[in-house]
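To start, the structure under review is shown below, and the notes come after it.
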Amino acid sequence: MYDPQIVNNPLLKNNLVSRRQLLKSSGVGFGMLGLSALLAQEQQLDAAVKSTSPLIPKQTHHTPRAKHVIFLFMNGGPSHVDTFDPKPELKAQEGKTGKGGKYMPSPFSFGKYGEAGIDMSELYPNLGKVADELCILRGMHTTTPNHEPGLLMMNSGNQQPIRPCLGSWVTYGLGTENQNLPGFVVLCPGKPVVGPALWGNSFLPGIYQGTHINNSKVDPKNVIGHINNKNLTPDAQRRLLDLLQQSNRKHLEKRTADLNLEARIQSLEVAYGMQFEAQQAFDITRESQETLDAYGEGQFANGCLVARRLVERGVRMVQIYYGSGQPWDAHGNIMDHKRDAGKSDQPIAALIQDLKQRGLLDDTLIIWGGEFGRTPTAQGKTGRNHHNTGFTTWLCGGGVKGGHIHGATDELGVNAVEGRMDVHDLHATILHLLGINHEELTFRYSGRDFRLTDVFGNVNHDIIAS
C-alpha cells in the first residue's frame with residue numbers, strides 16, 4: 001500500500017517526471033526487489049494522483065453512444081430553405097406578402113443525395129457524397145430571432161450571459177481522455193458577437209472553460225502564446241511548477257471552495273503538459289498531402305483538420321466557428337450563402353470521411369448549425385432576415401441515424417410543425433448520446449441546482465440509431 005504521507009505531499013504528488021527519475025536512481029542501491037517495490041508504489045501513486053484531477057474521465061449515467069463532440073457552428077444563421085429544407089411552394093407564392101415581407105423562392109436548385117435520397121441544395125455538392133451519414137433535423141425552433149440571445153441560447157441554453165456553455169457542461173460531466181490537452185477547445189478566428197461568453201464556464205470551475213484558439217492561421221509554434229519556455233528545461237520547469245503548486249495548495253487549504261484558485265492550479269498542470277503535445281496536435285504539416293488536399297485550404301478547412309487531430313488525441317469537445325462576427329448573416333443578398341457554403345462544404349465532407357476511415361465517426365458526434373435560420377420572405381430585394389420559428393440543424397455519427405430526416409416545417413418554411421425540437425431538446429439529446437442524463441447533470445450554485453437544460457428538455461429517441 002502506498003504511503004499516505006507521500007500521496008498527500010504536493011511536491012511529490014505532482015512531480016511525476018522527477019519522481020520517476022528518483023525511483024530509478026534509488027534502485028541502484030536497493031537491488032531489483034527494492035526497485036520493484038518502489039515502482040509498484042509509483043504505479044499506485046500515479047493512480048492516486050490522477051483520481052484527484054477534475055479532468056479525468058468520469059462515470060457516465062448510461063452506456064454512451066458518443067465519446068467526443070465536434071460542433072461546426074455556422075454563426076450568423078444559415079437559411080434552411082436554401083440548404084436542407086426545399087420549399088417548392090415558395091415559387092408559387094413568389095411576391096405575395098407574408099409575415100415579414102414578400103415570399104422569395106430559393107435561387108439554388110435542390111437534388112436528392114445518397115441512397116436515402118436526402119434533399120440538399122447545390123450549395124453542398126461534396127456534403128451530398130456523405131448524405132447517408134447525416135441526420136437532418138428540420139423541426140428546430142428557438143426563442144428569439146436576435147443574434148446575441150440566440151447565440152447564448154444555442155451555446156448555453158439561456159438567453160442571458162450568465163450560464164455555462166455546452167462544452168463546459170460536457171467536460172464537467174465527463175472529464176477528458178488526455179490530461180495534456182484541454183478538454184474543450186474552441187477554434188474561432190477572432191470573436192463572434194458575444195465573444196468569450198459563448199465558451200465560458202460561468203459558475204462551473206474555471207478548468208472547464210473553453211480554450212480559445214484563433215485559427216486564422218494554424219501555426220503550431222504560435223497558435224498558443226508562450227507554449228515554449230526558452231529558459232528552462234522540461235525537468236527544471238517541472239521542479240519549479242511543483243514548488244509553485246505546493247505554495248498554491250497551502251494557500252488553498254486556508255480557503256474553502258475557492259474555485260478560481262483551484263482552476264489556476266489545474267490550469268498550470270494542463271499548460272505544462274500542453275508544451276509537449278499541443279504543438280504536435282496543431283501541426284497539420286504532419287498530415288499527408290492527400291489528406292491536406294481532401295480538406296482544402298482556408299481557416300475553416302484547417303479548423304476541421306485540427307478538430308480531427310484533437311479528438312483522436314482524446315479531447316472531449318471541439319467547437320469550430322465558421323468565422324468571426326456573423327458571416328452567414330445574409331440580410332443583403334442570400335447569394336452570400338454560396339460563398340460561405342463554398343468555403344465549408346469540402347472541409348466538412350472531408351472531416352466526415354476522414355473520421356469514418358479512421359474508425360472515429362461511430363463515437364464522434366458532429367453537430368452542424370447556427371443560432372437560428374432565415375426567413376422564407378425577402379429582406380430588401382434578395383436578402384433574408386433572422387428566423388427562429390423553424391430552421392434546420394443536422395447531426396452525424398455518434399449514435400444517430402444516418403440518411404434520416406426528422407421533422408418538418410410548413411409548406412412555406414415558416415414554422416416547425418412536425419418533429420419539433422427546441423434548443424433544450426437538442427442539448428438533452430446530445431448529452432444522452434454522451435451517456436449523460438441531462439436531468440442529473442447539475443451544479444449547486446447560489447442556493448439551487450443548475451443544469452444545462454434548466455427545467456426543460458426532452459431526449460429525442462427517434463433520431464438515435466438502434
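FYI, nothing fancy with the C-alpha cells labels: chains A, B, ... in order, residues from 1 per chain, ligands from 1 as they appear.
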### Message
At a cut-off of 10 Å, using only C-alpha atoms, what residues contact A:Val170? Leave out same-chain residues fewer than 2 positions from it and give the result as number ranges by chain.
### Response
A: 68-69, 165-168, 172-176, 183-184, 208, 316-317, 430-431, 434, 436, 441, 452
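Excluding stretch 290-296 of chain A and any residue on its chain fewer than 5 positions from it, the residues at most 9 Å away by only C-alpha atoms are Ile284, Thr285, Ala301, Asn302, Cys304, Leu305, Lys343, Gln346, Pro347, Ile348, Ala349, Ala350, Leu351 and Asp354 of chain A.
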Could you please take those selected residues and save N, CA and C atoms as a PDB file, in the first residue's frame?
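Heads up, here's the output in out_18.pdb:
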ATOM      1  N   ILE A 284      -0.491  20.603 -38.647  1.00  0.00           N
ATOM      2  CA  ILE A 284      -1.142  19.888 -39.743  1.00  0.00           C
ATOM      3  C   ILE A 284      -0.168  19.537 -40.866  1.00  0.00           C
ATOM      4  N   THR A 285       1.057  20.060 -40.804  1.00  0.00           N
ATOM      5  CA  THR A 285       2.041  19.684 -41.825  1.00  0.00           C
ATOM      6  C   THR A 285       2.469  18.221 -41.677  1.00  0.00           C
ATOM      7  N   ALA A 301     -11.170  25.081 -43.151  1.00  0.00           N
ATOM      8  CA  ALA A 301     -10.619  23.780 -43.531  1.00  0.00           C
ATOM      9  C   ALA A 301      -9.554  23.348 -42.530  1.00  0.00           C
ATOM     10  N   ASN A 302      -8.669  24.269 -42.174  1.00  0.00           N
ATOM     11  CA  ASN A 302      -7.646  23.953 -41.183  1.00  0.00           C
ATOM     12  C   ASN A 302      -8.266  23.605 -39.839  1.00  0.00           C
ATOM     13  N   CYS A 304     -11.214  22.223 -39.296  1.00  0.00           N
ATOM     14  CA  CYS A 304     -11.790  20.879 -39.353  1.00  0.00           C
ATOM     15  C   CYS A 304     -10.701  19.815 -39.212  1.00  0.00           C
ATOM     16  N   LEU A 305      -9.568  20.036 -39.857  1.00  0.00           N
ATOM     17  CA  LEU A 305      -8.473  19.073 -39.771  1.00  0.00           C
ATOM     18  C   LEU A 305      -7.896  19.036 -38.357  1.00  0.00           C
ATOM     19  N   LYS A 343     -16.834  27.629 -48.869  1.00  0.00           N
ATOM     20  CA  LYS A 343     -15.651  27.518 -48.027  1.00  0.00           C
ATOM     21  C   LYS A 343     -15.776  26.406 -46.985  1.00  0.00           C
ATOM     22  N   GLN A 346     -16.408  21.415 -48.697  1.00  0.00           N
ATOM     23  CA  GLN A 346     -15.336  20.422 -48.845  1.00  0.00           C
ATOM     24  C   GLN A 346     -14.738  20.007 -47.504  1.00  0.00           C
ATOM     25  N   PRO A 347     -14.405  20.950 -46.604  1.00  0.00           N
ATOM     26  CA  PRO A 347     -13.826  20.534 -45.318  1.00  0.00           C
ATOM     27  C   PRO A 347     -14.759  19.665 -44.481  1.00  0.00           C
ATOM     28  N   ILE A 348     -16.062  19.991 -44.480  1.00  0.00           N
ATOM     29  CA  ILE A 348     -16.994  19.203 -43.669  1.00  0.00           C
ATOM     30  C   ILE A 348     -17.103  17.780 -44.214  1.00  0.00           C
ATOM     31  N   ALA A 349     -17.227  17.656 -45.530  1.00  0.00           N
ATOM     32  CA  ALA A 349     -17.305  16.329 -46.133  1.00  0.00           C
ATOM     33  C   ALA A 349     -16.028  15.539 -45.867  1.00  0.00           C
ATOM     34  N   ALA A 350     -14.879  16.213 -45.965  1.00  0.00           N
ATOM     35  CA  ALA A 350     -13.599  15.544 -45.708  1.00  0.00           C
ATOM     36  C   ALA A 350     -13.496  15.100 -44.259  1.00  0.00           C
ATOM     37  N   LEU A 351     -13.982  15.925 -43.336  1.00  0.00           N
ATOM     38  CA  LEU A 351     -13.958  15.573 -41.915  1.00  0.00           C
ATOM     39  C   LEU A 351     -14.753  14.299 -41.658  1.00  0.00           C
ATOM     40  N   ASP A 354     -12.920  11.353 -43.229  1.00  0.00           N
ATOM     41  CA  ASP A 354     -11.675  11.087 -42.511  1.00  0.00           C
ATOM     42  C   ASP A 354     -11.955  10.364 -41.199  1.00  0.00           C
TER      43      ASP A 354
END
### DSSP strand (DSSP E) residues within stretch 159-362 of chain A, listed as an MDAnalysis selection string
chainID A and resid 184:187 211:213 317:321
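Of the residues listed (A:Leu412, A:Glu418, A:Thr375, A:Arg308), A:Arg308 shows the shortest atom-to-atom separation from A:Gln357; distances use only C-alpha atoms.
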### Residue with smallest distance to A:Tyr322 - pool A:Arg384, A:Lys99, A:Lys67, A:Lys191, counting only C-alpha atoms
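Closest to A:Tyr322, using only C-alpha atoms: A:Lys191.
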### Message
Using only C-alpha atoms, can you tell me which of A:Val423, A:Leu204, A:Val193, A:Ala236 comes closest to A:Pro327?
### Response
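Ranking A:Val423, A:Leu204, A:Val193, A:Ala236 by distance to A:Pro327, first place goes to A:Val193.
Here atom CA of A:Gln319 stands at a distance of 6.1 Å from atom CA of A:Leu187.
Using only C-alpha atoms, the nearest neighbour of A:Phe71 within the list A:Lys58, A:Thr364, A:Ala281, A:Asn178 is A:Thr364.
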